[in-house]
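Asker: Before we start, here is the structure in question, set down as structure tokens.
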Amino acid sequence: MALEKLVISCGGTGGHFYPGLSVARCFISQGKEVLLLLSGAHAVEQQKIAERSGVNALALPEMPHYRKNPFRFVKGFSGGYFAAKKELKNFGAQALLGMGSFATLPVVLAAVRNHVPLFLHDGNARIGKANRLFSRWAKLLGSAFPAVNASSCRCKVLETGMPLRPELLAFAGMNKAAAVEAVNEIFGTDFSGEQPLILVTGGSQGAAVFNKVLPEVFCGLKKDFQVIHLTGKGKMDDTAGRYEKADFPYLLQETTGNMAEVLAASDLVFSRSGGSTAAELALFGKPAVLIPYPFAAEGHQLDNARHFADNGGAELVENPEFTVEKAAVLLKSFLEEPEKWQQMGETMRRLGKPDAAGVLLQEISAALDFS
């Protein structure tokens, strides 16, 4: 049976939504029909983003955690279930792809009760609790990285990669000189294409340990390099004070909508290791120092980082161990042994899966044909 109509269920954070949106855009590019069913606190906002990308989407009733508000949970679950059941039927869904999160439970159950084949995707090396539960009804789970707990699932688990935005794919092959020129044009900077450029990014909320440790290390080094530091929202002023003694070119931003250009221009990245972030580093072939967020659910960021570190593409430093002394050792190694770190970048690129969305769709189609 040729797959022509796919429903994708996204709930919770952008870590679930954006990969689902990327799969939807890939499916549409093949001339096929897709519907995003969105649940969770950000569903209305995500619907607007999807529609701006040309993707048909519907926000389902919000379903807060049952411990926070049992009454609203039951009301949201019931409303979401019946709305999803109606949409699956009206759309003529041939399959449902769930992107994780318990917020998608009403859609998953509606698909199961209506005999719509269920497929799953997990954006981390450690498959999450929701997907482990849903796997009892699924035909296949695609994981962003090799799953460390595949045996906990009750369906086939296959590494398909992390679906990434097409805009990122277009920039992945940009050479450094062109990328630095693009960064200079966007931000009004005067970075050199000849000197090493170091990127620091702790995600939209920033990382306090990055903002405290790295400026001190940078300002103490007497070598030629440049820095782009994304501080996180509300962290700019405090971090800026730590760069007062800097004698090197640097750019501070809270966040950026030009991550593709910034990544393409960078030679080394200090970063957390969320699924999308780690996959983007691999796509761009960037050597990285990965400091996993210590409070990530079930320690999944540590598992992501281990995948890249164990394969020689990154250095893994756990949050408590990321001190000024440790960071200084790593930076000196990067500046004094560039060939070693360039090789790590090539390893990262080999670990990347730029065609993840297409691979996942192929696997879903193959499973439907087999059934």
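Please note that chains go A, B, ... in the order of the structure tokens, that every chain numbers its residues from 1, and that ligands are numbered from 1 in the order shown.
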Please identify all polymer residues within 10 Å of Asn258 in chain A, counting only C-alpha atoms, omitting same-chain residues fewer than 6 positions from it, and present them as a PDB file with N, CA, C and O atoms, in the first residue's frame.
Answerer:
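And here's out16.pdb as it stands now:
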```pdb
ATOM      1  N   LEU A 168      18.541  24.119   7.338  1.00  0.00           N
ATOM      2  CA  LEU A 168      19.848  23.718   7.845  1.00  0.00           C
ATOM      3  C   LEU A 168      20.595  22.878   6.825  1.00  0.00           C
ATOM      4  O   LEU A 168      21.803  23.025   6.642  1.00  0.00           O
ATOM      5  N   ALA A 182      28.846  35.793   5.793  1.00  0.00           N
ATOM      6  CA  ALA A 182      27.409  35.888   6.067  1.00  0.00           C
ATOM      7  C   ALA A 182      27.156  36.354   7.500  1.00  0.00           C
ATOM      8  O   ALA A 182      26.284  37.194   7.749  1.00  0.00           O
ATOM      9  N   VAL A 183      27.918  35.821   8.451  1.00  0.00           N
ATOM     10  CA  VAL A 183      27.778  36.228   9.846  1.00  0.00           C
ATOM     11  C   VAL A 183      28.094  37.714  10.008  1.00  0.00           C
ATOM     12  O   VAL A 183      27.380  38.458  10.699  1.00  0.00           O
ATOM     13  N   ILE A 186      25.199  39.761   8.718  1.00  0.00           N
ATOM     14  CA  ILE A 186      24.001  39.681   9.554  1.00  0.00           C
ATOM     15  C   ILE A 186      24.166  40.493  10.839  1.00  0.00           C
ATOM     16  O   ILE A 186      23.270  41.237  11.246  1.00  0.00           O
ATOM     17  N   PHE A 187      25.323  40.356  11.480  1.00  0.00           N
ATOM     18  CA  PHE A 187      25.498  40.923  12.822  1.00  0.00           C
ATOM     19  C   PHE A 187      26.357  42.192  12.851  1.00  0.00           C
ATOM     20  O   PHE A 187      26.538  42.780  13.916  1.00  0.00           O
TER      21      PHE A 187
END
```
Asker: Would you give me, as JSON lines, each residue of range 318-341 of chain A having an atom within 10 Å of an atom of range 292-299 of chain A, along with its shortest atom pair and that distance in Å to one decimal, using only C-alpha atoms and sorting by chain and residue number?
Answerer:
```
{"residue": "A:Glu318", "atom": "CA", "partner": "A:Pro292", "partner_atom": "CA", "distance": 6.2}
{"residue": "A:Asn319", "atom": "CA", "partner": "A:Pro294", "partner_atom": "CA", "distance": 6.4}
{"residue": "A:Pro320", "atom": "CA", "partner": "A:Pro294", "partner_atom": "CA", "distance": 8.7}
```
Asker: What would the file look like if the residues just selected were written as a compact mmCIF listing (two decimals), in the first residue's frame with N, CA, C and O atoms?
Answerer:
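And here is the file that came out, selection_10.txt:
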```txt
# COMPACT_ATOMS: atom_id res chain seq x y z
N GLU A 318 30.98 16.11 31.96
CA GLU A 318 29.74 16.26 32.73
C GLU A 318 29.72 17.61 33.45
O GLU A 318 30.76 18.16 33.80
N ASN A 319 28.53 18.12 33.68
CA ASN A 319 28.37 19.49 34.16
C ASN A 319 29.22 19.83 35.40
O ASN A 319 29.90 20.87 35.41
N PRO A 320 29.25 19.00 36.44
CA PRO A 320 30.05 19.35 37.63
C PRO A 320 31.55 19.41 37.35
O PRO A 320 32.30 20.06 38.09
```
Asker: Would you pick out the contacts of range 330-335 of chain A at 9 Å or less, using only C-alpha atoms, so that residues sharing its chain but fewer than 5 positions from it are not included, and give the list as a list of chain:residue names?
Answerer: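 My list of contacting residues is A:Pro196, A:Val217, A:Phe218, A:Leu221, A:Lys223, A:Asp224, A:Phe225, A:Leu268, A:Val289, A:Glu315, A:Glu325, A:Lys340, A:Trp341.
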Asker: Gly11 in chain A: which residues within 8 Å, counting only C-alpha atoms, same-chain residues fewer than 5 positions away excluded, as a ChimeraX atom specification?
Answerer: /A:16-17,38-40,43,99-104
Asker: Those same residues, written as an mmCIF file, in the first residue's frame with C-alpha atoms?
Answerer:
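The result, stored in result22.cif:
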```cif
data_model
loop_
_atom_site.group_PDB
_atom_site.id
_atom_site.type_symbol
_atom_site.label_atom_id
_atom_site.label_comp_id
_atom_site.auth_asym_id
_atom_site.auth_seq_id
_atom_site.Cartn_x
_atom_site.Cartn_y
_atom_site.Cartn_z
ATOM 1 C CA HIS A 16 9.085 16.995 19.553
ATOM 2 C CA PHE A 17 7.463 19.542 17.266
ATOM 3 C CA LEU A 38 -0.703 19.205 17.916
ATOM 4 C CA SER A 39 -1.242 18.870 21.636
ATOM 5 C CA GLY A 40 0.290 20.418 24.702
ATOM 6 C CA ALA A 43 -0.088 23.729 20.371
ATOM 7 C CA MET A 99 6.935 12.077 17.922
ATOM 8 C CA GLY A 100 6.926 11.253 21.641
ATOM 9 C CA SER A 101 5.534 13.018 24.767
ATOM 10 C CA PHE A 102 2.588 11.921 26.886
ATOM 11 C CA ALA A 103 0.714 14.919 25.462
ATOM 12 C CA THR A 104 0.159 12.839 22.313
#
```
Asker: Here is a test: counting only C-alpha atoms, which residue of A:Trp137, A:Phe284, A:Phe191, A:Phe322 is nearest to Ala208 in chain A?
Answerer: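 For Ala208 in chain A, the nearest of the given residues is A:Phe322.
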